[in-house]
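Next comes work03.csv, with CSV, C-alpha atoms.
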chain,number,residue,atom,x,y,z
A,16,MET,CA,-101.8,15.5,-12.7
A,17,ALA,CA,-98.9,15.6,-15.1
A,18,TYR,CA,-100.7,18.0,-17.4
A,19,GLN,CA,-101.6,20.2,-14.4
A,20,LEU,CA,-98.0,20.3,-13.2
A,21,ALA,CA,-96.7,21.1,-16.7
A,22,SER,CA,-99.3,23.9,-17.1
A,23,ARG,CA,-97.6,25.5,-14.1
A,24,ASN,CA,-94.3,25.4,-16.0
A,25,GLU,CA,-92.9,22.9,-13.5
A,26,GLU,CA,-90.1,20.8,-15.0
A,27,ILE,CA,-91.4,17.3,-14.6
A,28,ASN,CA,-90.1,13.7,-14.7
A,29,ILE,CA,-92.7,11.0,-15.3
A,30,VAL,CA,-92.0,7.8,-13.4
A,31,ALA,CA,-93.9,4.7,-14.4
A,32,PHE,CA,-93.6,1.2,-12.8
A,33,ASP,CA,-93.4,-2.1,-14.5
A,34,TYR,CA,-94.3,-4.6,-11.8
A,35,GLY,CA,-95.6,-7.3,-14.1
A,36,GLN,CA,-99.2,-5.8,-14.2
A,37,ARG,CA,-101.4,-7.3,-16.8
A,38,HIS,CA,-102.6,-3.8,-17.8
A,39,ARG,CA,-99.2,-2.9,-19.3
A,40,ARG,CA,-101.0,-0.5,-21.6
A,41,GLU,CA,-100.8,2.1,-18.8
A,42,LEU,CA,-97.0,2.1,-19.4
A,43,GLU,CA,-97.4,3.0,-23.1
A,44,CYS,CA,-99.9,5.7,-22.1
A,45,ALA,CA,-97.5,7.2,-19.5
A,46,LYS,CA,-94.7,7.2,-22.1
A,47,ARG,CA,-97.0,9.0,-24.6
A,48,CYS,CA,-98.0,11.5,-22.0
A,49,ALA,CA,-94.3,12.3,-21.3
A,50,ALA,CA,-93.6,12.8,-25.0
A,51,ASP,CA,-96.7,15.0,-25.3
A,52,LEU,CA,-95.5,17.2,-22.4
A,53,ASP,CA,-91.8,17.1,-23.4
A,54,ALA,CA,-91.0,15.6,-20.0
A,55,LYS,CA,-88.4,13.0,-19.1
A,56,TYR,CA,-89.8,9.5,-18.8
A,57,ASN,CA,-88.5,6.8,-16.4
A,58,GLU,CA,-89.8,3.3,-16.5
A,59,VAL,CA,-88.7,1.5,-13.4
A,60,ASP,CA,-88.3,-2.3,-13.8
A,61,LEU,CA,-89.8,-3.7,-10.7
A,62,ARG,CA,-90.8,-7.1,-12.2
A,63,GLY,CA,-88.4,-8.8,-9.8
A,64,VAL,CA,-90.4,-7.2,-6.9
A,65,GLY,CA,-93.8,-7.9,-8.4
A,66,SER,CA,-93.1,-11.6,-8.8
A,67,LEU,CA,-92.6,-11.8,-5.0
A,68,LEU,CA,-95.8,-9.8,-4.2
A,69,THR,CA,-98.1,-12.6,-5.0
A,70,GLY,CA,-101.8,-12.8,-4.5
A,71,SER,CA,-103.2,-9.9,-6.4
A,72,ALA,CA,-105.5,-10.0,-9.5
A,73,LEU,CA,-103.4,-7.2,-11.0
A,74,THR,CA,-100.3,-9.4,-11.4
A,75,ASP,CA,-101.4,-13.0,-10.9
A,76,ASP,CA,-103.5,-15.4,-12.9
A,77,ILE,CA,-106.6,-14.6,-10.9
A,78,ASP,CA,-109.7,-13.1,-12.6
A,79,VAL,CA,-110.0,-9.3,-12.2
A,80,PRO,CA,-113.3,-8.7,-10.3
A,81,HIS,CA,-116.1,-6.9,-12.0
A,82,GLY,CA,-118.4,-4.3,-10.4
A,83,HIS,CA,-117.9,-1.4,-8.1
A,84,TYR,CA,-114.8,-0.5,-6.2
A,85,ALA,CA,-116.5,-0.3,-2.8
A,86,ALA,CA,-117.3,-4.0,-3.0
A,87,PRO,CA,-115.3,-6.3,-0.8
A,88,ASN,CA,-114.2,-8.4,-3.7
A,89,MET,CA,-112.0,-5.5,-4.9
A,90,ALA,CA,-109.6,-6.4,-2.1
A,91,ILE,CA,-108.1,-9.0,-4.5
A,92,THR,CA,-106.8,-6.1,-6.6
A,93,ILE,CA,-104.5,-5.0,-3.7
A,94,VAL,CA,-100.8,-5.5,-4.5
A,95,PRO,CA,-99.1,-5.7,-1.1
A,96,ASN,CA,-97.6,-2.4,-0.2
A,97,ARG,CA,-97.5,-1.2,-3.8
A,98,ASN,CA,-97.9,2.6,-3.2
A,99,ALA,CA,-95.3,2.7,-0.4
A,100,ILE,CA,-92.8,0.9,-2.7
A,101,PHE,CA,-93.5,3.1,-5.7
A,102,LEU,CA,-93.3,6.3,-3.6
A,103,THR,CA,-90.0,5.3,-1.9
A,104,VAL,CA,-88.5,4.6,-5.3
A,105,ALA,CA,-89.8,7.9,-6.6
A,106,PHE,CA,-88.2,9.7,-3.6
A,107,GLY,CA,-84.9,8.0,-4.4
A,108,ILE,CA,-85.1,9.2,-8.0
A,109,ALA,CA,-86.1,12.7,-6.8
A,110,VAL,CA,-83.0,12.8,-4.5
A,111,ALA,CA,-80.7,11.6,-7.3
A,112,ARG,CA,-82.1,14.4,-9.6
A,113,ASN,CA,-82.4,17.2,-7.0
A,114,ALA,CA,-86.1,17.4,-7.5
A,115,THR,CA,-88.2,19.4,-5.0
A,116,ALA,CA,-91.3,17.2,-4.9
A,117,VAL,CA,-92.8,13.8,-5.6
A,118,ALA,CA,-96.4,14.0,-6.8
A,119,THR,CA,-98.9,11.2,-6.9
A,120,ALA,CA,-102.5,11.3,-8.1
A,121,VAL,CA,-104.1,9.0,-5.6
A,122,HIS,CA,-107.7,10.1,-5.0
A,123,GLY,CA,-110.4,9.8,-2.5
A,124,GLY,CA,-112.4,7.3,-4.5
A,125,ASP,CA,-109.8,4.6,-3.6
A,126,HIS,CA,-110.1,5.1,0.2
A,127,TYR,CA,-112.6,2.3,0.7
A,128,VAL,CA,-110.3,-0.5,-0.5
A,129,TYR,CA,-106.8,0.8,-0.4
A,130,PRO,CA,-105.4,2.0,2.9
A,131,ASP,CA,-102.3,3.4,1.1
A,132,CYS,CA,-104.4,6.0,-0.6
A,133,ARG,CA,-105.7,7.6,2.6
A,134,GLN,CA,-104.8,11.0,3.9
A,135,GLU,CA,-103.3,9.5,7.2
A,136,PHE,CA,-101.1,7.2,5.2
A,137,LEU,CA,-99.9,10.0,2.9
A,138,GLU,CA,-99.1,12.4,5.7
A,139,SER,CA,-97.3,9.6,7.6
A,140,PHE,CA,-95.3,8.7,4.5
A,141,ASN,CA,-94.3,12.4,3.9
A,142,ALA,CA,-93.1,12.6,7.5
A,143,MET,CA,-91.1,9.4,7.1
A,144,GLN,CA,-89.5,10.7,4.0
A,145,ARG,CA,-88.5,13.9,5.5
A,146,LEU,CA,-86.7,12.0,8.3
A,147,ALA,CA,-85.1,9.6,5.7
A,148,CYS,CA,-83.7,12.6,3.7
A,149,GLU,CA,-82.8,14.8,6.7
A,150,GLY,CA,-79.4,16.3,6.4
A,151,THR,CA,-78.7,14.9,3.0
A,152,GLY,CA,-79.1,18.3,1.3
A,153,HIS,CA,-82.8,18.0,0.2
A,154,PRO,CA,-84.7,19.9,2.9
A,155,ASP,CA,-87.6,20.9,0.6
A,156,LEU,CA,-88.3,17.5,-0.9
A,157,HIS,CA,-91.9,16.5,-0.1
A,158,LEU,CA,-94.9,14.6,-1.3
A,159,GLU,CA,-97.7,16.3,-3.2
A,160,THR,CA,-101.1,14.7,-3.5
A,161,PRO,CA,-103.4,17.2,-5.3
A,162,PHE,CA,-106.3,14.7,-5.6
A,163,ALA,CA,-106.1,13.0,-2.2
A,164,ASN,CA,-109.3,14.6,-1.0
A,165,GLY,CA,-111.0,14.7,-4.4
A,166,ASN,CA,-112.5,12.0,-6.6
A,167,LYS,CA,-112.0,10.8,-10.1
A,168,GLY,CA,-114.7,13.3,-11.2
A,169,ASP,CA,-112.4,16.1,-10.1
A,170,ILE,CA,-109.5,14.6,-12.0
A,171,VAL,CA,-111.7,14.6,-15.2
A,172,ARG,CA,-112.8,18.2,-14.6
A,173,VAL,CA,-109.2,19.4,-14.3
A,174,GLY,CA,-108.1,17.3,-17.2
A,175,ALA,CA,-110.9,18.7,-19.4
A,176,GLU,CA,-109.8,22.2,-18.6
A,177,LEU,CA,-106.3,21.4,-19.7
A,178,ASN,CA,-107.4,19.6,-22.9
A,179,VAL,CA,-105.9,16.2,-21.8
A,180,PRO,CA,-106.3,13.7,-24.6
A,181,PHE,CA,-108.4,11.3,-22.5
A,182,ASP,CA,-108.5,8.7,-25.3
A,183,GLN,CA,-104.8,8.3,-24.7
A,184,THR,CA,-105.1,7.5,-21.0
A,185,TRP,CA,-105.6,4.1,-19.5
A,186,SER,CA,-107.6,2.8,-16.5
A,187,CYS,CA,-108.6,-0.8,-17.2
A,188,TYR,CA,-107.1,-3.6,-15.1
A,189,GLU,CA,-107.6,-6.3,-17.8
A,190,GLY,CA,-104.8,-6.7,-20.3
A,191,SER,CA,-106.8,-6.1,-23.5
A,192,GLU,CA,-106.5,-3.7,-26.4
A,193,LEU,CA,-109.7,-1.9,-25.4
A,194,HIS,CA,-111.0,-0.9,-21.9
A,195,CYS,CA,-113.2,-3.8,-20.7
A,196,GLY,CA,-116.0,-1.5,-19.3
A,197,LYS,CA,-116.7,-3.9,-16.5
A,198,CYS,CA,-113.8,-4.1,-14.0
A,199,GLY,CA,-113.8,-1.8,-11.0
A,200,THR,CA,-111.6,0.8,-12.5
A,201,CYS,CA,-113.6,0.9,-15.8
A,202,VAL,CA,-116.8,1.4,-13.8
A,203,GLU,CA,-115.2,4.2,-11.9
A,204,ARG,CA,-113.8,5.8,-15.1
A,205,GLN,CA,-117.3,5.9,-16.6
A,206,GLU,CA,-118.7,7.4,-13.4
A,207,ALA,CA,-116.0,10.0,-13.3
A,208,PHE,CA,-116.8,11.4,-16.8
A,209,GLU,CA,-120.5,11.4,-15.8
A,210,MET,CA,-119.8,13.3,-12.5
A,211,ALA,CA,-117.7,15.8,-14.4
A,212,GLY,CA,-120.2,16.2,-17.2
A,213,VAL,CA,-117.5,15.6,-19.7
A,214,ASP,CA,-117.9,13.4,-22.8
A,215,ASP,CA,-116.1,10.1,-22.4
A,216,PRO,CA,-114.1,9.3,-25.6
A,217,THR,CA,-113.1,5.9,-24.3
A,218,ILE,CA,-114.1,2.9,-26.4
A,219,TYR,CA,-115.3,0.1,-24.1
A,220,ARG,CA,-115.3,-3.5,-25.2
A,221,ASP,CA,-118.6,-4.2,-23.4
B,2,MET,CA,-79.6,-10.9,13.4
B,3,ALA,CA,-80.7,-13.8,11.3
B,4,TYR,CA,-78.8,-16.2,13.6
B,5,GLN,CA,-80.4,-14.5,16.6
B,6,LEU,CA,-84.0,-14.9,15.2
B,7,ALA,CA,-83.3,-18.5,14.2
B,8,SER,CA,-82.1,-19.3,17.7
B,9,ARG,CA,-85.5,-18.2,19.0
B,10,ASN,CA,-87.1,-20.7,16.7
B,11,GLU,CA,-88.6,-18.0,14.5
B,12,GLU,CA,-89.4,-19.2,11.0
B,13,ILE,CA,-87.4,-16.7,8.9
B,14,ASN,CA,-87.2,-15.5,5.3
B,15,ILE,CA,-83.9,-13.9,4.3
B,16,VAL,CA,-84.4,-11.0,1.8
B,17,ALA,CA,-81.3,-9.7,0.0
B,18,PHE,CA,-81.2,-6.9,-2.5
B,19,ASP,CA,-79.4,-6.8,-5.8
B,20,TYR,CA,-79.2,-3.1,-6.6
B,21,GLY,CA,-76.1,-3.2,-8.7
B,22,GLN,CA,-73.8,-2.7,-5.7
B,23,ARG,CA,-70.1,-3.5,-6.4
B,24,HIS,CA,-69.9,-5.5,-3.2
B,25,ARG,CA,-72.1,-8.3,-4.7
B,26,ARG,CA,-70.2,-10.7,-2.4
B,27,GLU,CA,-72.7,-9.8,0.3
B,28,LEU,CA,-75.4,-11.6,-1.8
B,29,GLU,CA,-73.5,-14.8,-1.8
B,30,CYS,CA,-73.0,-14.5,1.9
B,31,ALA,CA,-76.7,-13.9,2.5
B,32,LYS,CA,-77.5,-16.9,0.5
B,33,ARG,CA,-75.0,-19.1,2.4
B,34,CYS,CA,-76.4,-17.8,5.7
B,35,ALA,CA,-79.9,-18.8,4.6
B,36,ALA,CA,-78.7,-22.3,3.6
B,37,ASP,CA,-76.9,-22.6,7.0
B,38,LEU,CA,-80.1,-21.6,8.9
B,39,ASP,CA,-82.4,-23.7,6.6
B,40,ALA,CA,-84.3,-20.4,5.9
B,41,LYS,CA,-86.0,-19.3,2.7
B,42,TYR,CA,-83.8,-17.0,0.6
B,43,ASN,CA,-85.2,-14.2,-1.6
B,44,GLU,CA,-83.0,-12.2,-3.8
B,45,VAL,CA,-84.8,-9.1,-5.0
B,46,ASP,CA,-83.7,-7.8,-8.3
B,47,LEU,CA,-83.6,-4.0,-7.9
B,48,ARG,CA,-81.0,-3.3,-10.6
B,49,GLY,CA,-83.6,-1.3,-12.6
B,50,VAL,CA,-84.0,0.9,-9.5
B,51,GLY,CA,-80.3,1.1,-8.6
B,52,SER,CA,-79.4,2.3,-12.1
B,53,LEU,CA,-81.7,5.4,-11.5
B,54,LEU,CA,-80.3,6.2,-8.1
B,55,THR,CA,-77.1,7.6,-9.4
B,56,GLY,CA,-74.4,9.4,-7.5
B,57,SER,CA,-73.3,6.8,-4.9
B,58,ALA,CA,-69.9,5.2,-4.6
B,59,LEU,CA,-71.6,1.9,-3.8
B,60,THR,CA,-73.1,1.6,-7.3
B,61,ASP,CA,-71.3,4.1,-9.6
B,62,ASP,CA,-67.9,4.3,-11.0
B,63,ILE,CA,-66.7,6.6,-8.1
B,64,ASP,CA,-63.9,5.6,-5.7
B,65,VAL,CA,-65.1,4.1,-2.4
B,66,PRO,CA,-63.7,6.5,0.2
B,67,HIS,CA,-61.2,5.2,2.8
B,68,GLY,CA,-61.1,6.0,6.4
B,69,HIS,CA,-63.6,6.3,9.2
B,70,TYR,CA,-67.4,6.4,8.9
B,71,ALA,CA,-67.9,9.6,10.8
B,72,ALA,CA,-65.9,11.5,8.2
B,73,PRO,CA,-67.9,13.8,5.8
B,74,ASN,CA,-66.5,12.1,2.7
B,75,MET,CA,-68.5,9.0,3.6
B,76,ALA,CA,-71.7,10.8,2.4
B,77,ILE,CA,-70.7,9.6,-1.1
B,78,THR,CA,-71.7,6.1,0.0
B,79,ILE,CA,-75.3,7.2,0.5
B,80,VAL,CA,-77.6,5.5,-2.1
B,81,PRO,CA,-80.6,7.8,-2.2
B,82,ASN,CA,-83.4,6.4,0.0
B,83,ARG,CA,-82.0,2.9,0.0
B,84,ASN,CA,-83.2,1.7,3.4
B,85,ALA,CA,-86.8,3.0,2.8
B,86,ILE,CA,-86.9,1.3,-0.5
B,87,PHE,CA,-85.6,-2.0,0.9
B,88,LEU,CA,-87.9,-1.9,3.8
B,89,THR,CA,-91.1,-1.2,1.8
B,90,VAL,CA,-90.3,-4.1,-0.5
B,91,ALA,CA,-89.6,-6.3,2.5
B,92,PHE,CA,-93.0,-5.3,4.0
B,93,GLY,CA,-94.7,-6.1,0.7
B,94,ILE,CA,-93.1,-9.6,0.8
B,95,ALA,CA,-94.1,-9.9,4.5
B,96,VAL,CA,-97.7,-9.2,3.6
B,97,ALA,CA,-97.7,-11.6,0.7
B,98,ARG,CA,-96.3,-14.4,3.0
B,99,ASN,CA,-98.4,-13.5,6.1
B,100,ALA,CA,-95.3,-12.8,8.2
B,101,THR,CA,-95.6,-11.0,11.5
B,102,ALA,CA,-92.5,-8.8,11.4
B,103,VAL,CA,-89.8,-7.3,9.2
B,104,ALA,CA,-86.4,-7.2,10.9
B,105,THR,CA,-83.4,-5.1,9.9
B,106,ALA,CA,-80.0,-4.9,11.6
B,107,VAL,CA,-79.3,-1.2,11.1
B,108,HIS,CA,-77.1,-0.1,14.0
B,109,GLY,CA,-76.2,3.0,15.9
B,110,GLY,CA,-72.8,3.3,14.4
B,111,ASP,CA,-74.4,4.4,11.1
B,112,HIS,CA,-76.3,7.4,12.6
B,113,TYR,CA,-73.6,9.9,11.8
B,114,VAL,CA,-73.9,9.5,8.0
B,115,TYR,CA,-77.1,7.8,7.2
B,116,PRO,CA,-80.4,9.5,8.3
B,117,ASP,CA,-82.3,6.3,7.4
B,118,CYS,CA,-80.6,4.3,10.2
B,119,ARG,CA,-81.8,6.7,13.0
B,120,GLN,CA,-84.4,5.8,15.6
B,121,GLU,CA,-86.7,8.6,14.6
B,122,PHE,CA,-86.7,7.4,11.0
B,123,LEU,CA,-87.3,3.8,12.0
B,124,GLU,CA,-90.2,4.7,14.3
B,125,SER,CA,-91.7,6.9,11.6
B,126,PHE,CA,-91.3,4.1,9.1
B,127,ASN,CA,-93.0,1.6,11.3
B,128,ALA,CA,-96.0,4.0,11.8
B,129,MET,CA,-96.3,4.6,8.1
B,130,GLN,CA,-96.3,0.9,7.4
B,131,ARG,CA,-99.0,0.3,10.0
B,132,LEU,CA,-101.2,2.8,8.2
B,133,ALA,CA,-100.3,1.3,4.8
B,134,CYS,CA,-101.4,-2.2,5.9
B,135,GLU,CA,-104.4,-1.1,8.0
B,136,GLY,CA,-107.4,-3.2,7.4
B,137,THR,CA,-105.7,-5.6,5.0
B,138,GLY,CA,-105.6,-8.4,7.5
B,139,HIS,CA,-102.1,-7.9,8.9
B,140,PRO,CA,-102.6,-6.1,12.2
B,141,ASP,CA,-99.5,-7.4,13.9
B,142,LEU,CA,-97.0,-6.7,11.1
B,143,HIS,CA,-94.3,-4.4,12.4
B,144,LEU,CA,-90.6,-3.4,12.1
B,145,GLU,CA,-88.0,-4.9,14.4
B,146,THR,CA,-84.6,-3.2,14.8
B,147,PRO,CA,-82.7,-5.1,17.5
B,148,PHE,CA,-79.5,-3.2,17.0
B,149,ALA,CA,-80.8,0.3,16.3
B,150,ASN,CA,-79.4,1.6,19.6
B,151,GLY,CA,-76.4,-0.7,19.6
B,152,ASN,CA,-73.2,-0.6,17.6
B,153,LYS,CA,-71.3,-3.1,15.5
B,154,GLY,CA,-69.5,-4.3,18.6
B,155,ASP,CA,-72.8,-5.5,20.0
B,156,ILE,CA,-73.5,-7.3,16.8
B,157,VAL,CA,-70.2,-9.2,17.0
B,158,ARG,CA,-70.8,-10.0,20.7
B,159,VAL,CA,-74.2,-11.5,19.9
B,160,GLY,CA,-72.9,-13.3,16.9
B,161,ALA,CA,-70.0,-14.8,18.8
B,162,GLU,CA,-72.4,-16.2,21.4
B,163,LEU,CA,-74.4,-17.9,18.6
B,164,ASN,CA,-71.3,-19.2,16.8
B,165,VAL,CA,-71.9,-17.2,13.7
B,166,PRO,CA,-69.3,-18.2,11.0
B,167,PHE,CA,-67.9,-14.6,10.7
B,168,ASP,CA,-65.5,-15.7,8.0
B,169,GLN,CA,-68.6,-16.2,5.8
B,170,THR,CA,-70.0,-12.7,6.4
B,171,TRP,CA,-69.3,-9.7,4.3
B,172,SER,CA,-68.8,-6.0,5.0
B,173,CYS,CA,-66.4,-4.4,2.4
B,174,TYR,CA,-67.8,-1.9,-0.1
B,175,GLU,CA,-65.1,-2.7,-2.7
B,176,GLY,CA,-65.9,-5.4,-5.1
B,177,SER,CA,-62.9,-7.6,-4.5
B,178,GLU,CA,-62.5,-11.2,-3.4
B,179,LEU,CA,-61.0,-10.2,-0.1
B,180,HIS,CA,-62.1,-7.4,2.3
B,181,CYS,CA,-60.0,-4.4,1.5
B,182,GLY,CA,-59.3,-3.4,5.1
B,183,LYS,CA,-59.4,0.4,4.3
B,184,CYS,CA,-62.9,1.4,3.3
B,185,GLY,CA,-65.3,2.8,6.0
B,186,THR,CA,-67.1,-0.4,6.5
B,187,CYS,CA,-63.9,-2.4,6.8
B,188,VAL,CA,-62.5,0.0,9.3
B,189,GLU,CA,-65.7,-0.3,11.3
B,190,ARG,CA,-65.7,-4.1,11.0
B,191,GLN,CA,-62.2,-4.3,12.6
B,192,GLU,CA,-63.2,-1.9,15.3
B,193,ALA,CA,-66.3,-4.0,16.1
B,194,PHE,CA,-64.3,-7.2,16.7
B,195,GLU,CA,-61.9,-5.1,18.9
B,196,MET,CA,-64.8,-3.6,20.9
B,197,ALA,CA,-66.3,-7.1,21.4
B,198,GLY,CA,-63.0,-8.7,22.3
B,199,VAL,CA,-63.6,-11.4,19.7
B,200,ASP,CA,-61.0,-12.7,17.3
B,201,ASP,CA,-61.5,-11.4,13.8
B,202,PRO,CA,-61.2,-14.3,11.3
B,203,THR,CA,-61.5,-11.9,8.3
B,204,ILE,CA,-58.6,-11.8,5.8
B,205,TYR,CA,-57.9,-8.2,4.8
B,206,ARG,CA,-56.1,-7.4,1.6
B,207,ASP,CA,-54.2,-4.5,3.2

Translate this file's structure into structure tokens.
Amino acid sequence: MAYQLASRNEEINIVAFDYGQRHRRELECAKRCAADLDAKYNEVDLRGVGSLLTGSALTDDIDVPHGHYAAPNMAITIVPNRNAIFLTVAFGIAVARNATAVATAVHGGDHYVYPDCRQEFLESFNAMQRLACEGTGHPDLHLETPFANGNKGDIVRVGAELNVPFDQTWSCYEGSELHCGKCGTCVERQEAFEMAGVDDPTIYRD
Amino acid sequence: MAYQLASRNEEINIVAFDYGQRHRRELECAKRCAADLDAKYNEVDLRGVGSLLTGSALTDDIDVPHGHYAAPNMAITIVPNRNAIFLTVAFGIAVARNATAVATAVHGGDHYVYPDCRQEFLESFNAMQRLACEGTGHPDLHLETPFANGNKGDIVRVGAELNVPFDQTWSCYEGSELHCGKCGTCVERQEAFEMAGVDDPTIYRD
């Protein structure tokens, strides 16, 4: 999504969240992406929030489940209210910087498990933010969700057209140096490249 | 509001936010309130967020305006998207703790300046949160706003009935040891006691 926005000559800020996730590699990748696109990079320290949102395999000492996303055991990867928290912070930053939009690359493949990736939630969130900012001089500020009705295959297709360096992007929920190849998000990553008919440059541990 | 909920034998968690505000005294007061009510106290470290939400007199090196809240100059006390950020974090904590409600004491006196204290915003926020939590096992979790249509006079009246130790509560936006007596929230505090016909035990510097 960042490469897509940059290709339209939008001036972008990349906002990444440190909430104590074990897959901190995604932060390095976000930073590298910002450098590659000559975009501002903001890493938001939410570790103090993450430590209170206990019970998720993404932050706690609980095993990350293996297998496919649609499986009920993936619910353990829910961090309570994570997307709503991230998006409200992003809107705060957008107001402070006079930005016209907040964009998020949530996608349809996450609908099964994560209610805060669904279209109804995203529309409701956008309506809430418009009311929260009403009269504060940011009438155009809104949420953009280019992949909300697509899937990860669509994201790979768009990325391939824009020559995104996929080997410098991160999905895996485990905290290792390499993608594990077995957790839900690794399974989905592999499927996405297959669906798009694009070579997957990722090195998987298993 | 905390004393009111406790008087109904609700088991409460008090959540206070450190966002780098100069009136950090409010955090000590929140902690003391929790101890007084035998409630759990959670201080959420949002300083990493606050530092990105620049431009408000509550966090930056800008003079806190004096006078009445309805005045246009009070807009400088807006911290971008603050209430939405606080509330989404509170909902995350509520999910993690299996709570049934998040309560906030925003009041009608703030409607002039702060869009995120208005009834339309609060209803929209509640609807958004219900969608965000849908199917995650928290069907009853909702937002409570007992003073949304009242004013600070109503808050003082309720507090007086419950013997709230008002001398241990904090309003002032300045960072001093005593309430300044001149900033918007001090002016409103004094008016609230007058409206309620309750003696104000606060010691004002001016």

(message) Quick one: residues within 9 Å of Arg133 of chain A, all atoms listed in the file, excluding same-chain residues fewer than 6 positions away - as a list of chain:residue names?
(response)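 Result of the neighbour search: A:Val121, A:His122, A:Gly123, A:Asp125, A:His126, A:Tyr127, A:Ala163, A:Asn164, B:Leu132, B:Ala133.
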
(message) List as a PyMOL selection string the protein and nucleic acid residues near segment 162-177 of chain B, meaning an atom at most 10 Å away when only C-alpha atoms are counted, but skip any in the same chain fewer than 3 places from it.
(response) chain B and resi 2-5+7-8+22-31+33-34+37+58-60+64-66+78+157-159+180-190+200-206

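For the choices A:His157, A:Lys55, A:Lys167, A:Arg145, the atom-to-atom distance to chain B is smallest for A:Arg145 when using only C-alpha atoms.
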
(request) Fewer than 3 positions away in the same chain doesn't count, so skip those; otherwise give me all residues within 8 Å of Leu144 of chain B, counting only C-alpha atoms, as a ChimeraX atom specification. (result) /B:102-105,123,127

Enumerate as an mmCIF file with C-alpha atoms, keeping the file's coordinate frame the residues belonging to chain B that approach chain A to within 7 Å, with only C-alpha atoms taken into account.
data_model
loop_
_atom_site.group_PDB
_atom_site.id
_atom_site.type_symbol
_atom_site.label_atom_id
_atom_site.label_comp_id
_atom_site.auth_asym_id
_atom_site.auth_seq_id
_atom_site.Cartn_x
_atom_site.Cartn_y
_atom_site.Cartn_z
ATOM 1 C CA VAL B 45 -84.800 -9.100 -5.000
ATOM 2 C CA ASP B 46 -83.700 -7.800 -8.300
ATOM 3 C CA LEU B 47 -83.600 -4.000 -7.900
ATOM 4 C CA GLY B 49 -83.600 -1.300 -12.600
ATOM 5 C CA VAL B 50 -84.000 0.900 -9.500
ATOM 6 C CA LEU B 53 -81.700 5.400 -11.500
ATOM 7 C CA LEU B 54 -80.300 6.200 -8.100
ATOM 8 C CA THR B 55 -77.100 7.600 -9.400
ATOM 9 C CA GLY B 56 -74.400 9.400 -7.500
ATOM 10 C CA PRO B 81 -80.600 7.800 -2.200
ATOM 11 C CA ASN B 82 -83.400 6.400 0.000
ATOM 12 C CA ALA B 85 -86.800 3.000 2.800
ATOM 13 C CA ILE B 86 -86.900 1.300 -0.500
ATOM 14 C CA THR B 89 -91.100 -1.200 1.800
ATOM 15 C CA VAL B 90 -90.300 -4.100 -0.500
ATOM 16 C CA PHE B 92 -93.000 -5.300 4.000
ATOM 17 C CA GLY B 93 -94.700 -6.100 0.700
ATOM 18 C CA ILE B 94 -93.100 -9.600 0.800
ATOM 19 C CA VAL B 96 -97.700 -9.200 3.600
ATOM 20 C CA ALA B 97 -97.700 -11.600 0.700
ATOM 21 C CA PRO B 116 -80.400 9.500 8.300
ATOM 22 C CA ASP B 117 -82.300 6.300 7.400
ATOM 23 C CA PHE B 122 -86.700 7.400 11.000
ATOM 24 C CA SER B 125 -91.700 6.900 11.600
ATOM 25 C CA PHE B 126 -91.300 4.100 9.100
ATOM 26 C CA MET B 129 -96.300 4.600 8.100
ATOM 27 C CA LEU B 132 -101.200 2.800 8.200
ATOM 28 C CA ALA B 133 -100.300 1.300 4.800
ATOM 29 C CA CYS B 134 -101.400 -2.200 5.900
ATOM 30 C CA GLU B 135 -104.400 -1.100 8.000
#

(message) Can you measure atom CA of Val213 of chain A to atom CA of Ala120 of chain A for me? One decimal in Å is fine.
(response) 19.4 Å

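Atom pair atom CA of Leu156 of chain A / atom CA of Thr115 of chain A: separated by 4.5 Å.
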
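Atom CA of Gly138 of chain B to atom CA of Glu11 of chain B spans 20.7 Å [interatomic distance, one decimal].
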
(request) Would you mind telling me which residue in A:Asp169, A:Glu192, A:Asp221, A:Glu159 lies nearest to Glu206 of chain A when using only C-alpha atoms? (result) A:Asp169

Keeping just N, CA and C atoms, export segment 79-85 of chain B of this structure as a short mmCIF file (atom, residue, chain, number, x, y, z; two decimals), in the first residue's frame.
data_model
loop_
_atom_site.label_atom_id
_atom_site.label_comp_id
_atom_site.auth_asym_id
_atom_site.auth_seq_id
_atom_site.Cartn_x
_atom_site.Cartn_y
_atom_site.Cartn_z
N ILE B 79 -6.84 21.52 22.58
CA ILE B 79 -7.21 20.26 21.96
C ILE B 79 -5.96 19.42 21.69
N VAL B 80 -5.92 18.22 22.26
CA VAL B 80 -4.88 17.26 21.90
C VAL B 80 -5.51 16.37 20.82
N PRO B 81 -4.92 16.33 19.61
CA PRO B 81 -5.60 15.67 18.50
C PRO B 81 -6.07 14.25 18.82
N ASN B 82 -7.39 14.07 18.71
CA ASN B 82 -8.00 12.74 18.82
C ASN B 82 -7.83 12.09 20.19
N ARG B 83 -7.58 12.87 21.21
CA ARG B 83 -7.25 12.32 22.51
C ARG B 83 -8.29 11.37 23.07
N ASN B 84 -9.56 11.80 23.09
CA ASN B 84 -10.57 10.94 23.70
C ASN B 84 -10.75 9.62 22.96
N ALA B 85 -10.71 9.68 21.63
CA ALA B 85 -10.85 8.44 20.85
C ALA B 85 -9.69 7.49 21.16
#
